[in-house]
file coords.cif (mmCIF, C-alpha atoms)
data_start
loop_
_atom_site.label_atom_id
_atom_site.label_comp_id
_atom_site.auth_asym_id
_atom_site.auth_seq_id
_atom_site.Cartn_x
_atom_site.Cartn_y
_atom_site.Cartn_z
CA MET A 1 0.00 0.00 0.00
CA PHE A 2 2.85 2.37 0.89
CA ASN A 3 4.52 1.67 -2.45
CA THR A 4 1.61 3.30 -4.26
CA SER A 5 1.14 6.30 -2.10
CA LEU A 6 2.37 9.84 -1.89
CA GLN A 7 2.62 10.78 1.76
CA MET A 8 3.31 14.27 3.03
CA SER A 9 4.23 14.57 6.68
CA LEU A 10 4.94 17.41 9.10
CA ASN A 11 7.58 17.85 11.71
CA CYS A 12 5.16 19.94 13.75
CA PRO A 13 1.86 19.35 15.63
CA SER A 14 -0.41 19.80 12.63
CA HIS A 15 -0.04 17.63 9.57
CA LEU A 16 -1.45 16.87 6.15
CA SER A 17 -1.62 13.41 4.61
CA VAL A 18 -2.40 12.80 0.95
CA SER A 19 -2.80 9.29 -0.42
CA VAL A 20 -3.16 8.44 -4.10
CA THR A 21 -4.00 4.85 -5.17
CA ARG A 22 -3.96 3.29 -8.63
CA GLN A 23 -7.48 1.95 -8.22
CA ARG A 24 -9.20 5.25 -7.57
CA ASN A 25 -8.69 8.85 -6.60
CA VAL A 26 -8.63 9.21 -2.85
CA CYS A 27 -7.62 12.40 -1.13
CA LYS A 28 -7.57 12.24 2.65
CA ARG A 29 -6.71 15.19 4.81
CA ARG A 30 -6.19 15.42 8.52
CA LEU A 31 -5.75 18.94 9.77
CA ASN A 32 -5.30 20.31 13.23
CA PRO A 33 -8.25 22.70 13.51
CA VAL A 34 -6.22 25.07 15.68
CA LEU A 35 -3.11 25.37 13.51
CA ALA A 36 -3.15 24.45 9.82
CA VAL A 37 0.22 25.10 8.18
CA PRO A 38 1.84 23.59 5.06
CA PRO A 39 3.75 20.35 5.60
CA SER A 40 7.53 20.68 5.90
CA SER A 41 8.55 17.38 4.34
CA VAL A 42 7.56 15.06 1.53
CA ILE A 43 8.21 11.33 1.44
CA LEU A 44 7.89 9.82 -2.00
CA HIS A 45 8.19 6.05 -2.45
CA THR A 46 8.22 4.43 -5.89
CA ASP A 47 6.35 1.29 -6.78
CA GLU A 48 7.92 -2.04 -7.77
CA SER A 49 8.39 -0.89 -11.37
CA GLY A 50 10.60 1.96 -10.17
CA GLU A 51 8.07 4.57 -11.29
CA PHE A 52 6.58 7.25 -9.07
CA PRO A 53 2.97 6.49 -8.19
CA GLU A 54 0.17 8.31 -9.92
CA SER A 55 -3.52 7.67 -10.28
CA ARG A 56 -4.43 6.39 -13.73
CA ASN A 57 -8.02 7.52 -13.46
CA SER A 58 -7.41 10.80 -11.67
CA SER A 59 -9.04 13.90 -12.98
CA SER A 60 -7.04 16.85 -14.25
CA SER A 61 -8.32 19.01 -11.43
CA SER A 62 -7.11 16.49 -8.86
CA ASN A 63 -3.69 16.30 -10.49
CA ALA A 64 -3.47 20.09 -10.58
CA SER A 65 -4.36 20.22 -6.91
CA LEU A 66 -1.57 17.82 -5.99
CA SER A 67 0.90 19.67 -8.21
CA SER A 68 -0.01 22.98 -6.65
CA CYS A 69 0.25 21.53 -3.14
CA ALA A 70 3.67 20.04 -3.81
CA GLY A 71 4.89 23.29 -5.35
CA SER A 72 3.91 25.27 -2.29
CA LEU A 73 5.78 22.88 -0.03
CA LEU A 74 9.17 22.97 -1.67
CA CYS A 75 9.99 26.65 -1.92
CA HIS A 76 12.16 26.94 1.19
CA PRO A 77 15.84 27.87 0.76
CA ASN A 78 16.89 25.10 3.16
CA THR A 79 14.95 22.22 1.56
CA VAL A 80 17.05 19.04 1.50
CA GLY A 81 16.62 16.27 -1.05
CA ILE A 82 17.39 12.80 0.34
CA MET A 83 18.14 9.99 -2.09
CA GLY A 84 17.56 6.60 -0.47
CA GLY A 85 20.09 3.86 -1.12
CA GLY A 86 20.49 0.13 -0.62
CA SER A 87 18.86 -0.04 2.79
CA VAL A 88 15.58 1.54 3.83
CA ASP A 89 16.59 1.03 7.47
CA SER A 90 19.78 3.08 7.04
CA THR A 91 17.84 5.82 5.25
CA LEU A 92 15.32 5.97 8.09
CA SER A 93 18.16 6.01 10.61
CA PHE A 94 19.67 9.00 8.78
CA ILE A 95 16.34 10.85 8.84
CA ARG A 96 15.82 10.07 12.51
CA LYS A 97 19.19 11.57 13.38
CA LEU A 98 18.60 14.52 11.05
CA VAL A 99 15.33 15.36 12.78
CA HIS A 100 16.49 14.81 16.36
CA TRP A 101 19.89 16.50 16.06
CA SER A 102 18.56 19.51 14.18
CA LYS A 103 15.96 20.03 16.90
CA GLU A 104 18.69 20.37 19.53
CA ASN A 105 19.32 23.92 18.31
CA GLU A 106 16.19 24.61 16.29
CA GLU A 107 12.48 24.29 17.03
CA THR A 108 11.87 22.15 13.94
CA CYS A 109 13.81 20.12 11.41
CA MET A 110 14.52 21.60 7.99
CA PRO A 111 12.06 20.68 5.18
CA PHE A 112 13.14 17.64 3.19
CA VAL A 113 12.09 15.42 0.29
CA LEU A 114 12.85 11.71 0.51
CA CYS A 115 12.92 9.51 -2.58
CA SER A 116 13.00 5.77 -1.80
CA ASP A 117 12.99 3.12 -4.53
CA PRO A 118 12.75 -0.67 -3.94
CA VAL A 119 14.18 -1.29 -7.41
CA LEU A 120 17.30 0.68 -6.54
CA ASN A 121 17.48 -1.12 -3.19
CA ARG A 122 17.60 -4.49 -4.94
CA GLU A 123 20.18 -3.36 -7.49
CA LEU A 124 22.53 -2.07 -4.81
CA LEU A 125 21.97 -5.14 -2.64
CA SER A 126 22.82 -7.35 -5.59
CA LEU A 127 26.07 -5.47 -6.08
CA GLU A 128 26.87 -5.73 -2.37
CA ARG A 129 26.32 -9.48 -2.33
CA ASN A 130 28.36 -9.86 -5.51
CA SER A 131 31.28 -8.04 -3.89
CA SER A 132 31.15 -10.04 -0.65
CA THR A 133 32.02 -13.33 -2.33
CA LEU A 134 35.61 -14.44 -2.84
CA CYS A 135 35.49 -13.85 -6.58
CA SER A 136 38.20 -12.14 -8.57
CA ARG A 137 38.35 -8.37 -8.94
CA ASN A 138 38.12 -8.86 -12.69
CA ALA A 139 34.80 -10.69 -12.31
CA ARG A 140 33.42 -7.88 -10.16
CA SER A 141 34.58 -5.27 -12.65
CA GLN A 142 32.35 -6.90 -15.29
CA PHE A 143 29.24 -6.20 -13.23
CA ASP A 144 26.95 -3.89 -15.24
CA HIS A 145 26.59 -0.70 -13.21
CA SER A 146 24.69 1.29 -15.85
CA PRO A 147 21.16 0.48 -14.53
CA ILE A 148 22.18 1.69 -11.07
CA VAL A 149 23.73 4.89 -12.40
CA GLU A 150 20.68 5.63 -14.56
CA ASN A 151 18.39 5.01 -11.58
CA LEU A 152 20.41 7.33 -9.34
CA LEU A 153 20.47 9.97 -12.05
CA SER A 154 16.68 9.88 -12.42
CA LYS A 155 16.28 10.31 -8.66
CA ARG A 156 18.66 13.28 -8.70
CA VAL A 157 16.66 14.96 -11.46
CA PHE A 158 13.41 14.32 -9.58
CA LEU A 159 14.76 15.88 -6.39
CA GLU A 160 16.02 18.90 -8.33
CA LYS A 161 12.59 19.43 -9.87
CA SER A 162 10.90 18.94 -6.49
CA GLY A 163 12.50 22.10 -5.16
CA ALA A 164 15.37 20.63 -3.15
CA GLN A 165 18.23 23.10 -2.73
CA CYS A 166 20.79 20.48 -1.71
CA ILE A 167 20.93 16.69 -2.15
CA VAL A 168 22.37 14.08 0.22
CA VAL A 169 22.78 10.34 -0.30
CA PRO A 170 22.92 8.33 2.96
CA CYS A 171 24.35 5.27 1.20
CA HIS A 172 28.01 4.29 0.95
CA ILE A 173 27.89 2.28 -2.27
CA SER A 174 25.94 4.96 -4.14
CA HIS A 175 28.91 7.32 -3.70
CA SER A 176 30.87 5.09 -6.06
CA TRP A 177 29.20 7.03 -8.91
CA HIS A 178 28.73 10.36 -7.13
CA ASP A 179 30.69 12.43 -9.65
CA GLU A 180 28.88 10.83 -12.59
CA VAL A 181 25.42 11.19 -11.06
CA PHE A 182 25.85 14.80 -9.97
CA LYS A 183 27.69 16.08 -13.04
CA GLY A 184 25.81 19.14 -14.28
CA CYS A 185 23.52 19.21 -11.23
CA SER A 186 21.96 22.64 -10.69
CA ILE A 187 22.18 22.42 -6.89
CA PRO A 188 24.96 21.38 -4.47
CA SER A 189 25.32 17.88 -3.09
CA LEU A 190 27.08 16.75 0.07
CA HIS A 191 29.59 13.93 -0.35
CA MET A 192 29.67 11.64 2.69
CA ALA A 193 33.43 10.95 2.43
CA GLU A 194 34.15 14.67 2.17
CA CYS A 195 32.00 15.34 5.23
CA VAL A 196 33.76 12.81 7.45
CA SER A 197 37.22 13.81 6.15
CA ARG A 198 36.51 17.45 6.92
CA GLU A 199 35.19 16.56 10.38
CA LEU A 200 38.37 14.62 11.17
CA LYS A 201 40.50 17.51 9.91
CA GLU A 202 38.66 19.96 12.15
CA ALA A 203 39.15 17.64 15.13
CA LYS A 204 42.91 18.45 15.02
CA LEU A 205 43.97 14.91 15.86
CA LYS A 206 47.57 14.14 16.79
CA PRO A 207 49.55 11.14 15.49
CA LEU A 208 49.71 8.19 17.88
CA GLU A 209 53.42 7.83 17.07
CA ALA A 210 55.75 10.83 17.18
CA GLY A 211 56.95 11.87 13.76
CA SER A 212 54.35 9.75 11.99
CA PRO A 213 51.53 11.04 9.78
CA LEU A 214 47.94 10.96 10.95
CA ARG A 215 46.60 7.58 10.00
CA ILE A 216 42.91 6.87 9.44
CA GLY A 217 41.65 3.33 8.94
CA VAL A 218 38.75 2.50 6.64
CA LEU A 219 36.69 -0.65 7.04
CA ALA A 220 34.08 -1.36 4.37
CA THR A 221 32.90 -3.86 1.79
CA ASP A 222 35.09 -4.72 -1.18
CA VAL A 223 33.01 -2.66 -3.59
CA THR A 224 33.25 0.48 -1.45
CA LEU A 225 36.99 0.13 -0.93
CA GLU A 226 37.59 -0.55 -4.63
CA ALA A 227 35.67 2.61 -5.55
CA GLY A 228 38.38 4.51 -3.63
CA PHE A 229 36.40 7.65 -2.78
CA TYR A 230 37.09 7.42 0.97
CA GLN A 231 40.80 7.06 0.31
CA GLU A 232 40.75 10.02 -2.10
CA LYS A 233 38.87 12.41 0.19
CA LEU A 234 40.96 11.50 3.24
CA GLN A 235 44.23 11.93 1.35
CA ASN A 236 43.03 15.32 0.11
CA GLU A 237 42.88 16.40 3.76
CA GLY A 238 46.42 15.15 4.42
CA PHE A 239 45.65 11.82 6.11
CA GLU A 240 47.45 8.56 5.52
CA VAL A 241 44.80 5.93 4.79
CA VAL A 242 45.14 2.42 6.19
CA LEU A 243 43.03 -0.32 4.63
CA PRO A 244 42.60 -3.98 5.65
CA ASP A 245 45.14 -6.18 3.92
CA LYS A 246 44.11 -9.06 1.69
CA ALA A 247 44.24 -11.62 4.50
CA THR A 248 42.09 -9.48 6.77
CA MET A 249 39.51 -8.96 4.02
CA GLU A 250 39.36 -12.64 3.11
CA HIS A 251 39.34 -14.04 6.65
CA THR A 252 37.40 -11.45 8.64
CA VAL A 253 35.63 -8.69 6.68
CA ILE A 254 34.07 -10.74 3.88
CA PRO A 255 33.12 -13.63 6.21
CA ALA A 256 31.57 -11.05 8.58
CA ILE A 257 29.35 -9.74 5.78
CA ASP A 258 28.42 -13.29 4.81
CA ALA A 259 27.56 -13.99 8.46
CA ILE A 260 25.29 -10.92 8.50
CA ASN A 261 23.49 -12.25 5.42
CA ARG A 262 22.99 -15.56 7.26
CA LYS A 263 21.68 -13.67 10.32
CA ASP A 264 24.62 -14.96 12.36
CA MET A 265 25.12 -11.69 14.22
CA GLU A 266 27.32 -13.07 16.97
CA GLY A 267 29.72 -14.57 14.44
CA ALA A 268 29.75 -11.35 12.42
CA ARG A 269 30.36 -9.34 15.60
CA ASN A 270 33.40 -11.44 16.56
CA LEU A 271 34.88 -11.20 13.07
CA LEU A 272 34.38 -7.43 13.01
CA ARG A 273 36.20 -7.07 16.33
CA ILE A 274 39.18 -8.94 14.89
CA ALA A 275 39.23 -6.74 11.77
CA LEU A 276 39.12 -3.59 13.89
CA GLN A 277 41.93 -4.76 16.15
CA VAL A 278 44.11 -5.53 13.13
CA LEU A 279 43.69 -1.94 11.92
CA LEU A 280 44.16 -0.37 15.35
CA VAL A 281 47.50 -2.08 15.97
CA ARG A 282 48.76 -0.26 12.87
CA ALA A 283 48.63 3.02 14.83
CA VAL A 284 45.53 4.50 13.25
CA ASN A 285 43.86 7.34 15.15
CA THR A 286 40.38 6.13 14.30
CA VAL A 287 38.60 3.74 11.97
CA ILE A 288 35.88 4.84 9.59
CA LEU A 289 33.16 2.18 9.55
CA ALA A 290 31.90 2.74 6.01
CA SER A 291 29.20 0.10 6.23
CA ASN A 292 25.80 0.46 7.84
CA ASP A 293 25.73 -3.23 8.75
CA MET A 294 29.08 -2.98 10.52
CA CYS A 295 28.06 0.14 12.43
CA ASP A 296 25.01 -1.65 13.79
CA LEU A 297 26.85 -4.79 14.86
CA LEU A 298 28.66 -3.66 17.99
CA PRO A 299 26.80 -2.58 21.14
CA ARG A 300 26.93 1.14 21.92
CA ASP A 301 29.14 0.58 24.97
CA ASP A 302 31.72 -1.57 23.17
CA PRO A 303 35.22 -0.08 23.75
CA LEU A 304 36.18 -0.77 20.13
CA LEU A 305 33.30 1.35 18.88
CA LYS A 306 34.80 4.37 20.66
CA LYS A 307 37.73 4.07 18.27
CA CYS A 308 35.42 4.25 15.25
CA ILE A 309 33.49 6.94 13.42
CA ASP A 310 30.26 6.57 11.46
CA PRO A 311 30.38 8.66 8.24
CA MET A 312 26.59 8.87 8.32
CA ASP A 313 26.82 11.01 11.47
CA ALA A 314 29.18 13.40 9.69
CA LEU A 315 26.74 13.63 6.78
CA VAL A 316 23.89 14.45 9.19
CA MET A 317 25.86 17.24 10.85
CA SER A 318 26.99 18.68 7.51
CA THR A 319 23.39 18.66 6.29
CA ILE A 320 22.24 20.54 9.38
CA LYS A 321 25.03 23.11 8.98
CA TRP A 322 24.17 23.60 5.31
CA ALA A 323 20.47 24.12 6.14
CA GLN A 324 21.29 26.65 8.85
CA GLN A 325 23.55 28.58 6.52
CA ALA A 326 20.93 28.49 3.75
CA VAL A 327 18.39 30.10 6.09
CA LYS A 328 20.84 32.85 7.05
CA GLU A 329 21.64 33.62 3.42
CA GLY A 330 17.94 33.58 2.53
CA THR A 331 16.95 36.16 5.13
#
call {"tool": "encode", "arguments": {"input": "coords.cif", "output": "structure tokens"}}
result
Amino acid sequence: MFNTSLQMSLNCPSHLSVSVTRQRNVCKRRLNPVLAVPPSSVILHTDESGEFPESRNSSSSSNASLSSCAGSLLCHPNTVGIMGGGSVDSTLSFIRKLVHWSKENEETCMPFVLCSDPVLNRELLSLERNSSTLCSRNARSQFDHSPIVENLLSKRVFLEKSGAQCIVVPCHISHSWHDEVFKGCSIPSLHMAECVSRELKEAKLKPLEAGSPLRIGVLATDVTLEAGFYQEKLQNEGFEVVLPDKATMEHTVIPAIDAINRKDMEGARNLLRIALQVLLVRAVNTVILASNDMCDLLPRDDPLLKKCIDPMDALVMSTIKWAQQAVKEGT
């Protein structure tokens, strides 16, 4: 039912909900009689075909009403476009943090548009599973990425047309094609690897060994590491990047991902701890956990987790800072 609906939600007491089904035109509204204000966010979920839902039998007046409503929502200078990735759970986690953390200093969260696509989810998941097997790099390089890139590009164009003034992608793998997807984009986009690299630079860390460069470890799936964007952005900020060696990938990281797919969380947790310890003994200041599954494995009070950083958190904070600056410039 959710796959064929357009839902508009508010981050304030009053709210408006609009639902459009393929079978018939249905427009349902729930308004607070005391305070009726326009919604501040739009959540748009595609159907199984990858298309955005629309009523086949809707009248022109109904379509015009929806178009007018959407247009009035997305005219704020701090509207953020959110492009969902391989995991709906990670996208929702990003939004939850975005809302809660922005409210620490503001009364409400910035307006946002979320585009979530089950077709894209499956394509990215297929790539992730393909990369987690012990196949050759040459075999992985033959994987056809063009459907994924075209899908991401269509979502970017949609978010641009929806009135977003900045686009974020809370998905590690999707950043493999960030430059290609956002080439010629009319609005800025925040790169997750740039956000975490900048945050580490601003932290003014000191090398663990005198006379040595600042070392940052990166732990991720094969496909993310092979894309190289974390290494590039970190090196641009002057860090020395430390990656798991071949033995660590083959005997801990890849088996940990396979264990997650089998729902063997305890086994995956133990393997992740070993992989982290291998990186930490190489005198890295911190380890970037560039995998949502890995970030969720260890309990919050695990000592090893205190040595790690979640790039998604850096993306959230950068999004909040951008929105705040956009409001200042727009006033």
call {"tool": "closest_residue", "arguments": {"input": "coords.cif", "among": "A:Ile82, A:Ala275, A:Val253, A:Ile173", "to": "Glu123 (chain A)", "atoms": "all atoms listed in the file"}}
result
A:Ile173
call {"tool": "resolve_selection", "arguments": {"input": "coords.cif", "expression": "the PyMOL selection byres ((chain A and resi 197-205) around 12)", "output": "number ranges by chain"}}
result
A: 190-196, 206-209, 213-218, 229-241, 284-288, 308-318
call {"tool": "atom_distance", "arguments": {"input": "coords.cif", "atom1": "CA of Ala290 (chain A)", "atom2": "CA of Cys171 (chain A)"}}
result
9.3 Å
call {"tool": "atom_distance", "arguments": {"input": "coords.cif", "atom1": "CA of Glu266 (chain A)", "atom2": "CA of Leu124 (chain A)"}}
result
24.9 Å
call {"tool": "atom_distance", "arguments": {"input": "coords.cif", "atom1": "CA of Phe158 (chain A)", "atom2": "CA of Thr221 (chain A)"}}
result
29.0 Å
call {"tool": "closest_residue", "arguments": {"input": "coords.cif", "among": "A:Val149, A:Val327, A:Ala210, A:Val281", "to": "Lys183 (chain A)", "atoms": "only C-alpha atoms"}}
result
A:Val149
call {"tool": "resolve_selection", "arguments": {"input": "coords.cif", "expression": "the PyMOL selection byres ((chain A and resi 274) around 12)", "output": "short mmCIF file (atom, residue, chain, number, x, y, z; two decimals) with C-alpha atoms, in the frame of the given file"}}
result
data_model
loop_
_atom_site.label_atom_id
_atom_site.label_comp_id
_atom_site.auth_asym_id
_atom_site.auth_seq_id
_atom_site.Cartn_x
_atom_site.Cartn_y
_atom_site.Cartn_z
CA LEU A 219 36.69 -0.65 7.04
CA PRO A 244 42.60 -3.98 5.65
CA ALA A 247 44.24 -11.62 4.50
CA THR A 248 42.09 -9.48 6.77
CA MET A 249 39.51 -8.96 4.02
CA HIS A 251 39.34 -14.04 6.65
CA THR A 252 37.40 -11.45 8.64
CA VAL A 253 35.63 -8.69 6.68
CA PRO A 255 33.12 -13.63 6.21
CA ALA A 256 31.57 -11.05 8.58
CA GLY A 267 29.72 -14.57 14.44
CA ALA A 268 29.75 -11.35 12.42
CA ARG A 269 30.36 -9.34 15.60
CA ASN A 270 33.40 -11.44 16.56
CA LEU A 271 34.88 -11.20 13.07
CA LEU A 272 34.38 -7.43 13.01
CA ARG A 273 36.20 -7.07 16.33
CA ALA A 275 39.23 -6.74 11.77
CA LEU A 276 39.12 -3.59 13.89
CA GLN A 277 41.93 -4.76 16.15
CA VAL A 278 44.11 -5.53 13.13
CA LEU A 279 43.69 -1.94 11.92
CA LEU A 280 44.16 -0.37 15.35
CA VAL A 281 47.50 -2.08 15.97
CA LEU A 304 36.18 -0.77 20.13
#
call {"tool": "closest_residue", "arguments": {"input": "coords.cif", "among": "A:Gly163, A:Pro188, A:Pro111, A:Gly86", "to": "Leu125 (chain A)", "atoms": "only C-alpha atoms"}}
result
A:Gly86
call {"tool": "resolve_selection", "arguments": {"input": "coords.cif", "expression": "the PyMOL selection byres ((chain A and resi 85) around 10)", "output": "VMD selection string"}}
result
chain A and resid 82 to 84 86 to 91 115 to 118 120 to 125 152 169 to 175
